[in-house]
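Here is the structure we will look at.
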Amino acid sequence: QMQLTESGGGSVQAGGSLKLSCAASGYTINNRCVGWFRQAPGKEREGVAALYGDAYRIHYADSVKGRFTISGDNAKNTVYLQMTSLKPDDTAMYYCATGGSGLCGGSWSALEATRYNVFGQGTQVTVSS
């Protein structure tokens, strides 16, 4: 059974940094597309970044390009999201998810939450101004 567990969320001031972790079990991250998504109260779930393989394919939402970095550690079977220059608009519950390798073939599918079939429980990120 595939499972994902997020950690690393917290409260920071604008301009600060956080590093989220997504630990996978029941499958190997190198064989599937792994994405990070976020959802703020009253808003739809938004794709943030996605990765397949050893960074063979990486996608970012325009809103986080240049500030967030997704990476994977195959030895730890964990995917990370390094977030820098955080803004109050980044405040949300952050989820990681996994789906078939083909999802990461293009930005639209890689960042579309409805295409993924396994989600973690989420970790809260709060950025104050």
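Chain labels run A, B, ... following the order of the structure tokens; each chain numbers its residues from 1, and ligands are numbered from 1 in the order shown.
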
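The list of residues with at least one atom within 6 Å of Gly120 (chain A), based on only C-alpha atoms and without residues fewer than 5 positions apart in the same chain, reads A:Leu4, A:Thr5, A:Tyr95, A:Cys96.
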
**Q.** Test item: residues at most 12 Å from Ala49 (chain A), only C-alpha atoms, excluding those fewer than 5 positions along its chain, as number ranges by chain
**A.** A: 33-38, 55, 57-71, 79-83, 94-98, 104, 106-113

Keeping N, CA and C atoms, export the residues of the selection given above as a compact mmCIF listing (two decimals), in the first residue's frame.
```txt
# COMPACT_ATOMS: atom_id res chain seq x y z
N CYS A 33 5.63 9.80 -10.64
CA CYS A 33 5.61 11.26 -10.56
C CYS A 33 5.18 11.64 -9.14
N VAL A 34 5.89 12.53 -8.52
CA VAL A 34 5.56 13.02 -7.18
C VAL A 34 5.35 14.52 -7.25
N GLY A 35 4.24 14.97 -6.74
CA GLY A 35 3.92 16.39 -6.79
C GLY A 35 3.66 16.98 -5.43
N TRP A 36 3.88 18.28 -5.32
CA TRP A 36 3.50 19.05 -4.14
C TRP A 36 2.33 19.94 -4.52
N PHE A 37 1.34 19.98 -3.66
CA PHE A 37 0.15 20.79 -3.88
C PHE A 37 -0.13 21.59 -2.62
N ARG A 38 -0.90 22.65 -2.75
CA ARG A 38 -1.28 23.43 -1.57
C ARG A 38 -2.71 23.88 -1.70
N ALA A 55 15.27 13.84 -11.01
CA ALA A 55 15.11 15.18 -11.59
C ALA A 55 15.08 15.12 -13.10
N ARG A 57 12.48 14.92 -14.94
CA ARG A 57 11.45 15.89 -15.33
C ARG A 57 11.03 16.65 -14.07
N ILE A 58 11.05 17.96 -14.16
CA ILE A 58 10.64 18.83 -13.05
C ILE A 58 9.73 19.92 -13.60
N HIS A 59 8.68 20.21 -12.84
CA HIS A 59 7.74 21.26 -13.22
C HIS A 59 7.46 22.15 -12.02
N TYR A 60 7.27 23.42 -12.27
CA TYR A 60 6.94 24.39 -11.21
C TYR A 60 5.77 25.26 -11.67
N ALA A 61 4.95 25.62 -10.72
CA ALA A 61 3.94 26.64 -10.98
C ALA A 61 4.64 27.99 -11.14
N ASP A 62 4.09 28.85 -11.97
CA ASP A 62 4.71 30.16 -12.20
C ASP A 62 4.85 30.95 -10.90
N SER A 63 3.92 30.75 -9.99
CA SER A 63 3.91 31.52 -8.75
C SER A 63 5.08 31.19 -7.83
N VAL A 64 5.76 30.07 -8.06
CA VAL A 64 6.85 29.68 -7.16
C VAL A 64 8.19 29.55 -7.87
N LYS A 65 8.21 29.71 -9.18
CA LYS A 65 9.48 29.58 -9.92
C LYS A 65 10.51 30.56 -9.38
N GLY A 66 11.72 30.05 -9.17
CA GLY A 66 12.79 30.88 -8.65
C GLY A 66 12.83 30.96 -7.14
N ARG A 67 11.76 30.48 -6.47
CA ARG A 67 11.72 30.53 -5.01
C ARG A 67 11.67 29.14 -4.38
N PHE A 68 11.00 28.20 -5.04
CA PHE A 68 10.86 26.84 -4.52
C PHE A 68 11.71 25.89 -5.35
N THR A 69 12.23 24.86 -4.69
CA THR A 69 13.00 23.83 -5.37
C THR A 69 12.54 22.45 -4.91
N ILE A 70 12.17 21.59 -5.86
CA ILE A 70 11.78 20.22 -5.55
C ILE A 70 12.97 19.31 -5.82
N SER A 71 13.16 18.35 -4.95
CA SER A 71 14.26 17.40 -5.14
C SER A 71 13.89 16.07 -4.51
N VAL A 79 10.90 12.92 -1.03
CA VAL A 79 10.91 14.09 -1.90
C VAL A 79 10.80 15.34 -1.03
N TYR A 80 11.56 16.35 -1.38
CA TYR A 80 11.62 17.59 -0.59
C TYR A 80 11.09 18.77 -1.39
N LEU A 81 10.66 19.77 -0.67
CA LEU A 81 10.29 21.05 -1.27
C LEU A 81 10.96 22.14 -0.45
N GLN A 82 12.04 22.70 -0.99
CA GLN A 82 12.73 23.81 -0.34
C GLN A 82 12.04 25.09 -0.76
N MET A 83 11.56 25.84 0.22
CA MET A 83 10.83 27.07 -0.05
C MET A 83 11.60 28.24 0.51
N TYR A 94 0.00 22.17 2.79
CA TYR A 94 0.79 21.61 1.69
C TYR A 94 0.69 20.08 1.73
N TYR A 95 0.43 19.50 0.57
CA TYR A 95 0.29 18.06 0.43
C TYR A 95 1.27 17.55 -0.62
N CYS A 96 1.78 16.35 -0.41
CA CYS A 96 2.46 15.69 -1.51
C CYS A 96 1.56 14.57 -2.02
N ALA A 97 1.78 14.20 -3.26
CA ALA A 97 0.95 13.19 -3.90
C ALA A 97 1.77 12.44 -4.93
N THR A 98 1.31 11.25 -5.26
CA THR A 98 2.00 10.47 -6.27
C THR A 98 1.02 9.90 -7.28
N CYS A 104 4.15 13.28 -15.20
CA CYS A 104 5.21 14.29 -15.25
C CYS A 104 5.67 14.59 -16.67
N GLY A 106 4.18 16.44 -18.81
CA GLY A 106 3.89 17.82 -19.16
C GLY A 106 3.47 18.60 -17.94
N SER A 107 3.62 19.92 -17.97
CA SER A 107 3.33 20.76 -16.80
C SER A 107 1.86 20.68 -16.40
N TRP A 108 0.96 20.65 -17.40
CA TRP A 108 -0.45 20.69 -17.05
C TRP A 108 -0.84 19.48 -16.22
N SER A 109 -0.47 18.29 -16.68
CA SER A 109 -0.84 17.09 -15.95
C SER A 109 -0.08 16.96 -14.65
N ALA A 110 1.20 17.36 -14.66
CA ALA A 110 2.02 17.22 -13.46
C ALA A 110 1.50 18.08 -12.31
N LEU A 111 0.86 19.19 -12.62
CA LEU A 111 0.41 20.11 -11.58
C LEU A 111 -1.11 20.09 -11.40
N GLU A 112 -1.76 19.05 -11.93
CA GLU A 112 -3.21 18.92 -11.82
C GLU A 112 -3.54 17.88 -10.76
N ALA A 113 -4.10 18.32 -9.64
CA ALA A 113 -4.32 17.45 -8.49
C ALA A 113 -5.24 16.27 -8.80
```

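Shortest atom-to-atom contact with Asp73 (chain A) among A:Leu103, A:Met93, A:Leu86, A:Ile29: A:Ile29, counting only C-alpha atoms.
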
(Q) Given only C-alpha atoms as the basis, pick out the residue of A:Gly53, A:Gly99, A:Pro88, A:Gly16 nearest to Gly72 (chain A). (A)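 Using only C-alpha atoms, Gly72 (chain A) sits closest to A:Gly53.
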
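Taking CA of Asp90 (chain A) and CA of Val125 (chain A) as endpoints, the distance between them is 7.5 Å.
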
Q.
Can you tell me which residues surround Ser128 (chain A) at a distance of at most 7 Å, considering only C-alpha atoms, apart from same-chain residues fewer than 2 positions away, and format the answer as a PyMOL selection string?
A. chain A and resi 12-14+88+126

Keeping only N, CA, C and O atoms, write the selected residues as a PDB file, in the first residue's frame.
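Saved to again-v2.pdb:
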```pdb
ATOM      1  N   VAL A  12       6.498  31.063   9.693  1.00  0.00           N
ATOM      2  CA  VAL A  12       7.671  31.891   9.440  1.00  0.00           C
ATOM      3  C   VAL A  12       7.224  33.290   9.043  1.00  0.00           C
ATOM      4  O   VAL A  12       6.070  33.494   8.646  1.00  0.00           O
ATOM      5  N   GLN A  13       8.147  34.226   9.110  1.00  0.00           N
ATOM      6  CA  GLN A  13       7.863  35.568   8.639  1.00  0.00           C
ATOM      7  C   GLN A  13       8.148  35.647   7.141  1.00  0.00           C
ATOM      8  O   GLN A  13       8.922  34.855   6.590  1.00  0.00           O
ATOM      9  N   ALA A  14       7.540  36.618   6.496  1.00  0.00           N
ATOM     10  CA  ALA A  14       7.772  36.836   5.073  1.00  0.00           C
ATOM     11  C   ALA A  14       9.267  36.987   4.812  1.00  0.00           C
ATOM     12  O   ALA A  14       9.977  37.640   5.578  1.00  0.00           O
ATOM     13  N   PRO A  88       3.236  35.917   2.318  1.00  0.00           N
ATOM     14  CA  PRO A  88       1.963  35.572   2.975  1.00  0.00           C
ATOM     15  C   PRO A  88       1.024  34.762   2.063  1.00  0.00           C
ATOM     16  O   PRO A  88       0.282  33.905   2.548  1.00  0.00           O
ATOM     17  N   THR A 126       2.459  28.596   7.394  1.00  0.00           N
ATOM     18  CA  THR A 126       1.878  29.908   7.655  1.00  0.00           C
ATOM     19  C   THR A 126       2.969  30.961   7.551  1.00  0.00           C
ATOM     20  O   THR A 126       3.995  30.863   8.235  1.00  0.00           O
TER      21      THR A 126
END
```

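Of the listed residues A:Asn30, A:Ala92, A:Ala75, A:Gly100, the one whose atoms come nearest to Gly42 (chain A) is A:Ala92, with distances taken using only C-alpha atoms.
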